[in-house]
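Report on the structure given below.
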Amino acid sequence: MAGKKFDLSGLMQSKVTWAVIAEALILLVCFIIRPDFFSISYQPSTGMLYGSLIDIVNRSAEITIISMGMTLVIALGGTDLSVGALVAVAGAIALKFLRWDVLTYTTPGDYTVYPYILVIAVPLVVCALMGLFNGFLVAKGGIQPIIATLILMVCGRGVAQILTDGKQFTTGYSPFRVIGQGSFLCLPMPIIITIIVVVAVALFTRKTAFGAFVESVGVNPSASRLSGIKAGNVILLVFMITGLLSGIAGLIYSSRIMSNDSNNAGLNFEMDAILAVVIGGTNMAGGRFSLAGTVIGSLIIRTIVTFVYYFGIVAEATMAFKALIIAVVIVLQSEPVRKYFAKRAAMRRAGAKS
Amino acid sequence: MSKKQSLFARLTNPKYIMVYATIGIFLVIYAVGGMLYGDKGFLTVRTFVNLFIDNAYFGISAVGMTMVLITGGIDLSVGAVASLTGMFIAYGTTILHLHPMTCICAALVMGVGLGLLMGWVIHYLNVPPFITTLTGMFLARGVCSLISRESIDIHHPMFDALASWKIYLMKFADGKWVRIKPIAFVNFNVILFLVMILIGAFILQRTRFGRNIYAIGGNEQSASLMGLPVGRTKVLVYGFNGLCSVLAGISYALYVKSGWNLSLQGGELEVITCAVIGGTLLTGGVGYMIGTLFGVLLKSVIPALITFNGNLLSWWGKIATGLLLLLFICIQRFVVTSTGRRK
Amino acid sequence: MPGKNILEMRGITIEFPGVKALDGVDFSLREGEIHSLLGENGAGKSTLIKCINGVNRKDSGVILLDGKEINPSGPYDAMQLGISTVFQEVNLCPNLSVAENIFVGRQPMKHNQIDWKEINRRAEELMSRFHLDIDVTRPLSYYSTAIQQMTAIARAVDVQAKILILDEPTSSLDENEVQLLFSVMRELKASGMGIIFITHFLDQIYAVSDRMTILRNGHLVGTYDINELGKVELVTKMVGKDMDVIFSLKRAEVSPDAPIMLKAEHIGDSSRIDDISITLKKGELIGFAGLLGSGRTETAEMLFGASRAVHGEIFVDGQNVSIKTPFDAIKSEIAFCPEDRKRDGIIGDLSIRENIMLAVQSRKGFMHPMTRQEQTELADKYIKLLGIATPDCEKKAGELSGGNQQKVILARWMAASPKVLILDEPTRGIDIGAKAEIQRLMLEMCGEGVSVIFISSELDEIIRCSNRIIIMRDRAKVAEVDGESCTQQDILRIIAEGAA
């Protein structure tokens with residue numbers, strides 16, 4: 001009994017708990033306003049499930065996928081600002097391979113100029129390499145991650161524009177459409193991809209010692225190195241993973257719009273991803289990370305947006321609304337506030353005892 | 001006996017290396033531009049002054065950003081706050097028919113207030129600056145879009161007058177003052193930019209408040225143990241940066257004569273880039289206004305070069321800026337390792 | 001004639017959750033005296049000085065400054081009252097110039113502007129008072145720890161302090177620097193300042209102080225004149241028990257035909273260490289003696305791959321190995337406890353379990369993880385074996401006391417079952433009881449066939465434990481002496497004068 005109580009108070013001080021509570025509250029509000037918010041329907045014609053909840057998960061796919069990598073980067077004590085730009089790069093490359101030369105292949109249609117495998121593989125490889133470049137600057141150059149990734153953030157979109165000559169390509173190639181708009185087991189494809197990515201990252205970090213190494217390097221790089229951890233390689237790998245995941249998100253994004261949009265694809269994704277991680281309870285100073293928390297953080301961000309759309313609040317208010325809710329979550333999670341709650345809990349316990 | 005500091009020793013102080021690097025690279029690029037496009041008028045005063053005119057709003061914001069970065073913080077809200085200022089002026093004068101000064105005052109209250117609030121949250125609630133100011137950016141951007149989704153033109157006699165006010169640069173020839181050819185002028189924005197740089201430099205170098213900023217960036221815990229008002233300084237720095245953002249917004253509104261909810265998207269990173277290539281360390285504790293001034297010039301000379309070339313896509317500008325950042329980061333890295341602790 | 005008391009503390013009690021950190025302690029400081037504060041870690045020294053400078057709030061008792069009661073609310077407030085503290089870790093801003101570090105926050109102004117000329121002039125004056133002729137306009141990070149320490153003292157002194165508190169100022173200084181500091185302290189004392197001095201080095205206490213106050217477990221043991229109490233009595237009073245533990249330690253026994261475990265031939269990197277050769281037998285313990293900066297740590301780091309040797313060869317158990325990174329060293333079964341525990345050893349935010357399993361895991365590579373149960377078993381085993389004071393292995397390592405942290409790091413390397421163990425200052429900054437225990441563990445490991453390299457600044461410790469002692473000076477090995485037959489004087493002479 002006493003042990004259980006202790007767990008509970010530990011839970012109240014955990015940041016993830018606050019994130020879960022926040023998400024639950026937002027959903028509750030949704031439910032109160034419109035009880036049908038939670039309804040999920042099956043559309044036999046497309047073989048897909050529909051509903052706001054499905055939509056939230058579906059639309060959060062890109063951010064969730066990227067923030068899996070971002071969690072690891074932040075656990076290392078860094079941030080990766082380049083992910084949004086990489087999303088644009090991935091889209092640009094994919095569309096480039098689908099259409100190649102718009103002057104020769106004038107109309108978009110259900111075809112691809114280069115083999116489909118290249119359309120998928122090349123963007124992913126390029127993004128992974130760009131991630132590796134970030135990692136190289138951080139690990140070997142000893143440069144602060146935020147500046148190192150600022151470089152690709154600044155010039156990544158430039159690269160994407162130059163790849164497509166500043167043009168916006170569109171395509172109608174159906175296998176490509178599947179990535180962002182297809183379905184599998186009644187669920188939208190992005191959800192399936194997200195689940196695969198989340199499980200893969202979770203297994204990779206928690207079923208091997210990689211997660212522990214990341215946390216260790218994040219807390220104390222020097223001591224980790226002297227304990228035999230190849231800190232440099234850990235950093236390289238983490239940035240490469242983040243690059244790769246940004247590439248996956250980029251493919252999903254451009255498959256949704258069946259086009260490339262080097263100016264707006266992935267715009268502010270780095271911010272959303274970082275927010276998702278922080279709301280999920282991972283400390284920006286590095287160390288312990290929580291992938292589950294990050295997933296919830298990403299869902300919170302998307303729920304807010306969906307909420308705004310769904311209830312017909314002016315769509316333009318999304319940003320402001322998002323800011324307000326995030327502010328509340330962050331303030332609740334902030335150290336002084338948590339300490340205050342911990343103190344109150346301790347006082348209540350002491351009071352109960354005497 | 002007190003040992004006199006020779007001018008040479010003072011100038012070779014390792015803390016100035018980054019500033020020299022910025023100025024040096026600017027001069028090199030400027031010289032290269034002169035060699036390539038000198039015949040097209042790259043070396044004229046007009047081209048040089050235009051660097052200021054086209055980038056004054058970035059420069060004004062960079063003044064506040066430099067201070068924030070020196071404390072070891074970051075402010076991502078500047079672009080959105082500047083944009084919101086533009087919306088205030090545009091919506092206020094054109095739709096509500098208010099006097100521009102009223103709108104500017106409202107914007108000042110908003111910008112400085114938001115800055116102070118963010119500073120308070122960062123220091124007293126211990127929320128990372130990145131997250132706090134990101135939220136501030138969302139908030140400001142959201143309010144922008146709430147005001148209007150359309151671009152609003154600004155029409156007001158006083159505002160137009162201010163926007164078109166200019167001083168022509170003159171030279172003394174044949175016994176009288178004549179405008180130099182090609183015609184070059186400075187406008188209100190340029191003057192505001194230079195004045196802000198001077199004010200920023202004065203604050204940083206000549207006031208205790210400024211020195212506290214450096215101390216906090218060097219080691220915040222030490223600063224508080226030395227009895228420096230850490231909390232107050234940090235809050236005020238973010239407030240001052242809010243002021244700079246609003247001034248940058250005014251300057252931008254004067255430049256484009258309209259307000260748009262999506263203007264200056266990503267502006268915060270341009271501003272940070274200016275400061276970084278001006279020698280300010282994102283880790284805090286190091287940075288000079290003169291460096292930031294040249295950082296702004298350095299960043300703006302690249303688009304100018306691309307324009308003069310005429311064949312290159314403007315996207316190359318982004319790539320060149322990225323490469324410039326890379327170069328600077330490598331130099332900083334080298335400087336930090338070579339001037340590190342010596343026994 | 002003893003001066004009058006400028007500071008008097010009566011019945012000071014401070015409680016932290018669950019512990020009485022100080023229990024009714026009395027303390028007094030006279031004008032113009034150097035008063036040492038002694039006690040093991042956790043005895044309450046830091047708590048007492050933090051009470052004086054206002055970092056900690058006292059629960060009961062009074063503090064009288066010049067007969068008037070004070071209640072400083074923080075170091076800054078205390079400074080205004082005339083109490084300046086120089087903390088153990090230099091608390092200055094590395095990016096500011098030396099001069100500015102002295103004056104920041106109270107810069108002299110002229111026409112509402114900071115008067116830089118005046119700042120630099122006065123800083124130079126102050127530093128020359130400390131016999132330092134340096135360019136005060138250069139950033140602090142440009143200078144050595146000793147000069148940084150002096151800068152901190154200069155700042156503390158310049159505020160017209162009546163009381164100066166020096167918390168372990170000598171722990172990162174070499175012998176000359178310590179002497180310089182002492183001469184400054186004596187000058188300040190002559191000018192009437194009261195100085196509270198905390199150090200772990202007993203010799204320094206006798207070298208410089210007038211009186212000493214001993215604390216133990218938050219209680220006052222007593223205040224004594226310096227010549228009232230001998231070293232052994234002093235230690236006995238500090239520990240509260242006899243030093244039997246320490247004196248009963250026995251050197252490791254090495255049979256003459258024991259195989260050579262580690263052989264380093266002419267390793268060096270031209271800039272830090274020129275050329276050094278070492279052999280180490282199985283089960284042998286060699287000590288590295290020498291001053292700070294004499295190349296002890298640098299050699300150890302090179303053996304472990306923490307810094308790279310440019311030339312030379314290393315053999316472990318007869319095999320030529322290439323050691324370029326710590327990982328290579330661990331593969332070759334070499335282990336290394338670094339000098340700076342906080343920076344290079346402990347991973348504070350992680351649990352004891354994770355800290356202990358780290359080296360084993362990194363040798364295996366992350367693709368071959370240990371299960372949670374294996375980790376817990378490993379951790380529990382060493383917690384028990386080393387007597388680490390913790391409720392369970394999930395406690396954050398950063399929350400342990402210094403001695404226990406050191407044990408966790410030791411456990412990390414013991415778990416990796418190395419053939420060669422290098423310990424760089426494993427006993428620094430931990431109390432005497434824990435020190436004795438670490439030495440015992442070290443010797444036990446030798447008994448189990450591990451070869452140990454032991455680096456320490458405390459000569460008696462080295463002489464007591466080592467089979468052989470390598471003496472370093474100016475980044476080179478100057479002599480190798482037998483541990484059994486040499487005396488402290490021999491070693492000191494070699495350190496001071498070079499090889500005979």
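Following the order of the structure tokens, first chain is A, next is B, and so on, with residues numbered from 1 inside each chain and ligands from 1 in the order they appear.
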
task: Within 8 Å of range 60-77 of chain A, counting only C-alpha atoms, which residues show up once you throw out same-chain ones fewer than 2 positions away? Write them as a VMD selection string, please.
output: chain A and resid 56 to 58 79 to 80 83 190 to 191 193 to 194 197 to 198 201 214 to 215 217 to 219 235 238 to 239 241 to 243 245 to 246 248 to 250 252 to 253 269 272 to 274 276 to 277 282 to 291 294 to 295 298 to 299 302

Please produce an output containing N, CA and C atoms for each residue in the selection, written as a compact mmCIF listing (two decimals), in the first residue's frame.
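The new file again-v7.txt reads:
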# COMPACT_ATOMS: atom_id res chain seq x y z
N ILE A 56 -6.09 12.40 -36.61
CA ILE A 56 -5.03 12.96 -35.77
C ILE A 56 -3.76 12.14 -35.91
N VAL A 57 -3.92 10.82 -35.79
CA VAL A 57 -2.73 9.95 -35.85
C VAL A 57 -2.12 10.01 -37.24
N ASN A 58 -2.99 9.98 -38.25
CA ASN A 58 -2.50 10.02 -39.62
C ASN A 58 -1.70 11.30 -39.89
N THR A 79 20.23 19.60 -30.68
CA THR A 79 18.98 19.77 -31.42
C THR A 79 19.34 19.66 -32.88
N ASP A 80 18.41 19.21 -33.69
CA ASP A 80 18.65 19.13 -35.12
C ASP A 80 17.68 20.07 -35.82
N VAL A 83 15.96 19.17 -39.98
CA VAL A 83 15.00 18.14 -40.40
C VAL A 83 13.97 18.67 -41.39
N PRO A 190 0.37 6.16 -43.73
CA PRO A 190 1.29 6.88 -42.82
C PRO A 190 1.25 6.34 -41.40
N ILE A 191 0.06 5.91 -40.95
CA ILE A 191 -0.02 5.36 -39.59
C ILE A 191 0.79 4.08 -39.50
N ILE A 193 3.32 3.21 -41.36
CA ILE A 193 4.76 3.54 -41.41
C ILE A 193 5.22 4.08 -40.06
N THR A 194 4.39 4.93 -39.46
CA THR A 194 4.75 5.49 -38.16
C THR A 194 4.94 4.39 -37.13
N VAL A 197 8.14 2.62 -37.70
CA VAL A 197 9.30 3.43 -37.30
C VAL A 197 9.42 3.48 -35.78
N VAL A 198 8.29 3.75 -35.11
CA VAL A 198 8.35 3.87 -33.65
C VAL A 198 8.83 2.57 -33.03
N VAL A 201 12.57 2.06 -33.78
CA VAL A 201 13.46 2.90 -32.97
C VAL A 201 13.45 2.42 -31.51
N VAL A 214 23.37 6.40 -25.58
CA VAL A 214 22.95 7.75 -25.94
C VAL A 214 22.77 8.59 -24.67
N GLU A 215 22.07 8.02 -23.69
CA GLU A 215 21.83 8.76 -22.45
C GLU A 215 23.16 9.08 -21.76
N VAL A 217 26.18 9.38 -23.07
CA VAL A 217 26.91 10.44 -23.79
C VAL A 217 26.21 11.78 -23.56
N GLY A 218 24.89 11.75 -23.52
CA GLY A 218 24.15 12.99 -23.32
C GLY A 218 24.43 13.61 -21.97
N VAL A 219 24.61 12.79 -20.95
CA VAL A 219 24.85 13.33 -19.62
C VAL A 219 26.30 13.77 -19.47
N ILE A 235 27.11 9.57 -31.83
CA ILE A 235 26.58 10.83 -32.36
C ILE A 235 26.33 10.72 -33.86
N VAL A 238 23.22 8.66 -34.49
CA VAL A 238 21.97 9.33 -34.12
C VAL A 238 21.59 10.37 -35.16
N PHE A 239 22.55 11.17 -35.61
CA PHE A 239 22.22 12.18 -36.61
C PHE A 239 21.85 11.53 -37.94
N ILE A 241 20.40 8.60 -38.29
CA ILE A 241 19.03 8.08 -38.13
C ILE A 241 18.04 9.21 -38.31
N THR A 242 18.33 10.36 -37.68
CA THR A 242 17.41 11.49 -37.78
C THR A 242 17.28 11.94 -39.23
N GLY A 243 18.40 11.96 -39.95
CA GLY A 243 18.35 12.32 -41.36
C GLY A 243 17.47 11.35 -42.14
N LEU A 245 15.10 9.39 -41.05
CA LEU A 245 13.68 9.52 -40.68
C LEU A 245 13.07 10.76 -41.32
N SER A 246 13.85 11.85 -41.40
CA SER A 246 13.35 13.04 -42.08
C SER A 246 13.05 12.70 -43.52
N ILE A 248 12.10 9.79 -44.71
CA ILE A 248 10.84 9.03 -44.74
C ILE A 248 9.66 10.00 -44.63
N ALA A 249 9.78 10.93 -43.67
CA ALA A 249 8.71 11.91 -43.50
C ALA A 249 8.54 12.73 -44.78
N GLY A 250 9.65 13.06 -45.43
CA GLY A 250 9.59 13.82 -46.67
C GLY A 250 8.83 13.08 -47.75
N ILE A 252 6.51 10.78 -47.27
CA ILE A 252 5.08 10.78 -46.92
C ILE A 252 4.45 12.11 -47.29
N TYR A 253 5.18 13.19 -46.91
CA TYR A 253 4.63 14.52 -47.16
C TYR A 253 4.39 14.74 -48.66
N PHE A 269 8.89 22.08 -39.28
CA PHE A 269 8.85 20.72 -38.73
C PHE A 269 9.85 20.57 -37.58
N ASP A 272 8.22 21.82 -34.49
CA ASP A 272 7.20 20.92 -33.98
C ASP A 272 7.83 19.67 -33.37
N ALA A 273 8.84 19.16 -34.06
CA ALA A 273 9.47 17.93 -33.55
C ALA A 273 10.13 18.19 -32.20
N ILE A 274 10.83 19.31 -32.08
CA ILE A 274 11.48 19.62 -30.81
C ILE A 274 10.43 19.79 -29.71
N ALA A 276 7.48 18.42 -29.64
CA ALA A 276 6.93 17.11 -29.30
C ALA A 276 7.83 16.41 -28.29
N VAL A 277 9.14 16.49 -28.53
CA VAL A 277 10.07 15.81 -27.64
C VAL A 277 10.03 16.43 -26.24
N THR A 282 11.32 14.79 -22.38
CA THR A 282 12.76 14.65 -22.49
C THR A 282 13.40 16.02 -22.26
N ASN A 283 14.40 16.04 -21.41
CA ASN A 283 15.03 17.30 -21.04
C ASN A 283 15.94 17.79 -22.16
N MET A 284 15.85 19.09 -22.46
CA MET A 284 16.67 19.62 -23.55
C MET A 284 18.15 19.61 -23.23
N ALA A 285 18.48 19.44 -21.96
CA ALA A 285 19.90 19.41 -21.59
C ALA A 285 20.52 18.05 -21.86
N GLY A 286 19.71 17.08 -22.26
CA GLY A 286 20.24 15.77 -22.57
C GLY A 286 20.08 14.80 -21.42
N GLY A 287 20.30 13.54 -21.72
CA GLY A 287 20.17 12.51 -20.71
C GLY A 287 18.98 11.62 -21.01
N ARG A 288 18.22 11.34 -19.96
CA ARG A 288 17.09 10.42 -20.10
C ARG A 288 16.13 10.83 -21.20
N PHE A 289 15.69 9.86 -21.99
CA PHE A 289 14.69 10.19 -22.99
C PHE A 289 13.53 9.22 -22.92
N SER A 290 12.39 9.66 -23.44
CA SER A 290 11.21 8.81 -23.43
C SER A 290 10.55 8.86 -24.79
N LEU A 291 10.63 7.74 -25.52
CA LEU A 291 10.03 7.71 -26.86
C LEU A 291 8.51 7.75 -26.77
N THR A 294 7.41 11.20 -26.35
CA THR A 294 7.50 11.94 -27.61
C THR A 294 6.30 11.68 -28.50
N VAL A 295 5.89 10.41 -28.58
CA VAL A 295 4.73 10.10 -29.41
C VAL A 295 3.52 10.88 -28.89
N SER A 298 3.79 14.53 -29.82
CA SER A 298 3.44 14.75 -31.21
C SER A 298 1.93 14.71 -31.39
N LEU A 299 1.28 13.77 -30.71
CA LEU A 299 -0.19 13.67 -30.80
C LEU A 299 -0.84 14.93 -30.24
N ARG A 302 -0.80 17.65 -32.75
CA ARG A 302 -1.75 17.44 -33.84
C ARG A 302 -3.20 17.55 -33.36

Residues of chain C near chain A: apply a cut-off of 10 Å, count only C-alpha atoms, and supply the list as a PDB file with C-alpha atoms, in the first residue's frame.
ATOM      1  CA  GLU C 301      46.058   8.999 -20.392  1.00  0.00           C
ATOM      2  CA  PHE C 304      44.704   4.301 -21.841  1.00  0.00           C
ATOM      3  CA  GLY C 305      44.360   5.921 -25.235  1.00  0.00           C
ATOM      4  CA  ALA C 306      42.576   8.964 -23.831  1.00  0.00           C
ATOM      5  CA  THR C 325      41.134   5.242 -28.086  1.00  0.00           C
ATOM      6  CA  PRO C 326      39.874   4.259 -24.648  1.00  0.00           C
ATOM      7  CA  PHE C 327      37.864   1.590 -26.390  1.00  0.00           C
ATOM      8  CA  ASP C 328      41.075  -0.045 -27.664  1.00  0.00           C
ATOM      9  CA  ALA C 329      42.492   0.050 -24.148  1.00  0.00           C
ATOM     10  CA  ILE C 330      39.408  -1.591 -22.709  1.00  0.00           C
ATOM     11  CA  LYS C 331      39.640  -4.270 -25.382  1.00  0.00           C
ATOM     12  CA  ALA C 335      41.135   0.229 -17.074  1.00  0.00           C
ATOM     13  CA  PHE C 336      41.488   3.850 -16.007  1.00  0.00           C
ATOM     14  CA  CYS C 337      39.885   5.838 -13.205  1.00  0.00           C
ATOM     15  CA  PRO C 338      40.409   9.454 -14.217  1.00  0.00           C
ATOM     16  CA  ASP C 340      38.500  14.502 -12.414  1.00  0.00           C
ATOM     17  CA  ARG C 341      35.698  12.374 -11.072  1.00  0.00           C
ATOM     18  CA  LYS C 342      32.952  14.818 -11.862  1.00  0.00           C
ATOM     19  CA  ARG C 343      34.026  15.595 -15.391  1.00  0.00           C
ATOM     20  CA  ASP C 344      35.454  12.311 -16.594  1.00  0.00           C
ATOM     21  CA  GLY C 345      34.158   9.635 -14.286  1.00  0.00           C
ATOM     22  CA  ILE C 346      30.691   9.708 -12.930  1.00  0.00           C
ATOM     23  CA  ILE C 347      27.657   9.983 -15.178  1.00  0.00           C
ATOM     24  CA  GLY C 348      25.532  11.807 -12.701  1.00  0.00           C
ATOM     25  CA  ASP C 349      22.060  11.549 -14.134  1.00  0.00           C
ATOM     26  CA  LEU C 350      22.244   7.813 -14.690  1.00  0.00           C
ATOM     27  CA  GLU C 354      24.063   1.936 -15.402  1.00  0.00           C
ATOM     28  CA  ASN C 355      27.254   3.550 -14.209  1.00  0.00           C
ATOM     29  CA  ILE C 356      28.648   0.228 -13.115  1.00  0.00           C
ATOM     30  CA  MET C 357      27.689  -1.762 -16.177  1.00  0.00           C
ATOM     31  CA  LEU C 358      28.963   0.833 -18.638  1.00  0.00           C
ATOM     32  CA  ALA C 359      32.498  -0.409 -19.222  1.00  0.00           C
ATOM     33  CA  VAL C 360      31.436  -4.025 -19.522  1.00  0.00           C
ATOM     34  CA  GLN C 361      28.728  -3.047 -21.946  1.00  0.00           C
ATOM     35  CA  SER C 362      30.902  -0.816 -24.048  1.00  0.00           C
ATOM     36  CA  ARG C 363      33.420  -3.615 -24.436  1.00  0.00           C
ATOM     37  CA  LYS C 364      30.661  -5.895 -25.657  1.00  0.00           C
ATOM     38  CA  GLY C 365      29.340  -3.271 -28.040  1.00  0.00           C
ATOM     39  CA  PHE C 366      25.781  -2.035 -27.977  1.00  0.00           C
ATOM     40  CA  MET C 367      24.462  -4.841 -30.136  1.00  0.00           C
ATOM     41  CA  HIS C 368      25.072  -7.349 -27.368  1.00  0.00           C
ATOM     42  CA  PRO C 369      23.131  -5.853 -24.511  1.00  0.00           C
ATOM     43  CA  MET C 370      23.149  -7.168 -20.979  1.00  0.00           C
ATOM     44  CA  THR C 371      19.703  -7.913 -19.681  1.00  0.00           C
ATOM     45  CA  ILE C 409      33.727   4.225 -10.750  1.00  0.00           C
ATOM     46  CA  ARG C 412      32.741   0.014 -13.138  1.00  0.00           C
ATOM     47  CA  TRP C 413      36.310  -1.002 -13.804  1.00  0.00           C
TER      48      TRP C 413
END

- prompt: How many Å lie between CA of Arg272 in chain C and CA of Thr199 in chain C, rounded to one decimal?
  reply: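 If I compute the distance from CA of Arg272 in chain C to CA of Thr199 in chain C, I get 29.2 Å.
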
task: Pick out the chain C residues within 6 Å of chain B. Count only C-alpha atoms. Give them as number ranges by chain.
output: C: 76, 91-95, 105, 113-114, 141-144

Written file, previous selection with N, CA and C atoms, as a PDB file, in the first residue's frame:
ATOM      1  N   TYR C  76      26.266  37.481  -1.953  1.00  0.00           N
ATOM      2  CA  TYR C  76      26.420  38.880  -2.289  1.00  0.00           C
ATOM      3  C   TYR C  76      26.166  39.760  -1.074  1.00  0.00           C
ATOM      4  N   ASN C  91      34.823  30.308  -9.270  1.00  0.00           N
ATOM      5  CA  ASN C  91      33.540  30.833  -9.692  1.00  0.00           C
ATOM      6  C   ASN C  91      33.682  32.196 -10.323  1.00  0.00           C
ATOM      7  N   LEU C  92      34.239  32.185 -11.505  1.00  0.00           N
ATOM      8  CA  LEU C  92      34.408  33.430 -12.236  1.00  0.00           C
ATOM      9  C   LEU C  92      33.913  33.196 -13.652  1.00  0.00           C
ATOM     10  N   CYS C  93      33.973  34.241 -14.459  1.00  0.00           N
ATOM     11  CA  CYS C  93      33.516  34.100 -15.827  1.00  0.00           C
ATOM     12  C   CYS C  93      34.718  33.995 -16.758  1.00  0.00           C
ATOM     13  N   PRO C  94      34.895  32.851 -17.395  1.00  0.00           N
ATOM     14  CA  PRO C  94      36.104  32.629 -18.193  1.00  0.00           C
ATOM     15  C   PRO C  94      36.213  33.560 -19.388  1.00  0.00           C
ATOM     16  N   ASN C  95      35.082  34.100 -19.836  1.00  0.00           N
ATOM     17  CA  ASN C  95      35.135  34.915 -21.048  1.00  0.00           C
ATOM     18  C   ASN C  95      35.506  36.366 -20.761  1.00  0.00           C
ATOM     19  N   GLY C 105      30.247  44.082 -11.759  1.00  0.00           N
ATOM     20  CA  GLY C 105      29.176  44.317 -10.797  1.00  0.00           C
ATOM     21  C   GLY C 105      29.420  45.549  -9.943  1.00  0.00           C
ATOM     22  N   GLN C 113      29.746  56.125 -17.353  1.00  0.00           N
ATOM     23  CA  GLN C 113      30.235  55.060 -18.209  1.00  0.00           C
ATOM     24  C   GLN C 113      31.271  54.273 -17.432  1.00  0.00           C
ATOM     25  N   ILE C 114      31.441  53.030 -17.841  1.00  0.00           N
ATOM     26  CA  ILE C 114      32.454  52.227 -17.167  1.00  0.00           C
ATOM     27  C   ILE C 114      33.833  52.789 -17.475  1.00  0.00           C
ATOM     28  N   SER C 141      40.118  32.756 -19.246  1.00  0.00           N
ATOM     29  CA  SER C 141      40.328  31.375 -19.699  1.00  0.00           C
ATOM     30  C   SER C 141      41.718  31.207 -20.304  1.00  0.00           C
ATOM     31  N   TYR C 142      42.366  32.311 -20.602  1.00  0.00           N
ATOM     32  CA  TYR C 142      43.682  32.276 -21.207  1.00  0.00           C
ATOM     33  C   TYR C 142      44.728  31.834 -20.187  1.00  0.00           C
ATOM     34  N   TYR C 143      44.406  31.977 -18.911  1.00  0.00           N
ATOM     35  CA  TYR C 143      45.410  31.737 -17.872  1.00  0.00           C
ATOM     36  C   TYR C 143      45.196  30.414 -17.137  1.00  0.00           C
ATOM     37  N   SER C 144      46.221  30.031 -16.388  1.00  0.00           N
ATOM     38  CA  SER C 144      46.189  28.772 -15.651  1.00  0.00           C
ATOM     39  C   SER C 144      45.223  28.841 -14.472  1.00  0.00           C
TER      40      SER C 144
END

task: Name the residues in contact with Val337 in chain A at a cut-off of 12 Å, using only C-alpha atoms, excluding same-chain residues fewer than 4 positions from it; report them as a list of chain:residue names.
output: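 The contact residues come out as A:Met12, A:Gln13, A:Ser14, A:Lys15, A:Trp18, A:Val328, A:Val329, A:Ile330, A:Val331, A:Leu332, A:Gln333, A:Phe341, A:Ala342, A:Lys343, A:Arg344, B:Val121, B:Tyr124, B:Leu125, B:Asn126, B:Val127.
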
message: What's around range 488-498 of chain C at 8 Å? Count only C-alpha atoms, leave out sequence neighbours fewer than 4 positions away in its own chain, and write the answer as a VMD selection string.
response: chain C and resid 289 to 291 459 to 460 463 471 to 473 478 to 479

For C-alpha atoms, I'd like the residues from the last selection saved as a JSON list (two decimals), in the first residue's frame.
[["chain", "number", "residue", "atom", "x", "y", "z"],
["C", 289, "ALA", "CA", 54.88, 10.41, -7.72],
["C", 290, "GLY", "CA", 55.49, 13.96, -8.82],
["C", 291, "LEU", "CA", 53.95, 17.36, -8.75],
["C", 459, "LEU", "CA", 53.36, 10.80, -0.89],
["C", 460, "ASP", "CA", 52.68, 8.87, 2.27],
["C", 463, "ILE", "CA", 54.91, 4.97, -0.19],
["C", 471, "ILE", "CA", 59.06, 9.65, -10.02],
["C", 472, "MET", "CA", 58.06, 12.16, -12.64],
["C", 473, "ARG", "CA", 59.40, 15.62, -13.12],
["C", 478, "VAL", "CA", 63.43, 10.91, -13.55],
["C", 479, "ALA", "CA", 63.78, 7.94, -11.25]]

What lies within 8 Å of range 114-117 of chain B using only C-alpha atoms, ignoring chain neighbours under 4 positions off, as a compact mmCIF listing (two decimals) with C-alpha atoms, in the first residue's frame?
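Final output, saved to out09.txt:
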# COMPACT_ATOMS: atom_id res chain seq x y z
CA MET B 110 3.20 44.11 -27.25
CA VAL B 121 9.56 32.34 -18.00
CA GLY B 136 6.28 33.06 -28.34
CA VAL B 235 14.52 39.48 -18.35
CA LEU B 236 15.61 42.93 -19.52
CA TYR B 238 14.70 39.65 -23.72
CA GLY B 239 12.67 42.81 -23.27
CA PHE B 240 15.28 44.83 -25.16
CA ASN B 241 15.27 42.20 -27.88
CA GLY B 242 11.49 42.57 -28.06
CA LEU B 243 12.04 46.31 -28.57

- request: Compute the chain B side of the contact with chain A at 6 Å, counting only C-alpha atoms, and hand it back as a list in words.
  value: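 The contacting residues on chain B are Leu125, Thr135, Phe138, Leu139, Gly142, Ser145, Leu146, Trp315, Lys318, Ile319 and Gly322 of chain B.
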
field: Polymer residues at most 9 Å from range 164-166 of chain B, only C-alpha atoms, same-chain spacing of 3 or more positions, as number ranges by chain
entry: B: 159-161, 185-188, 254
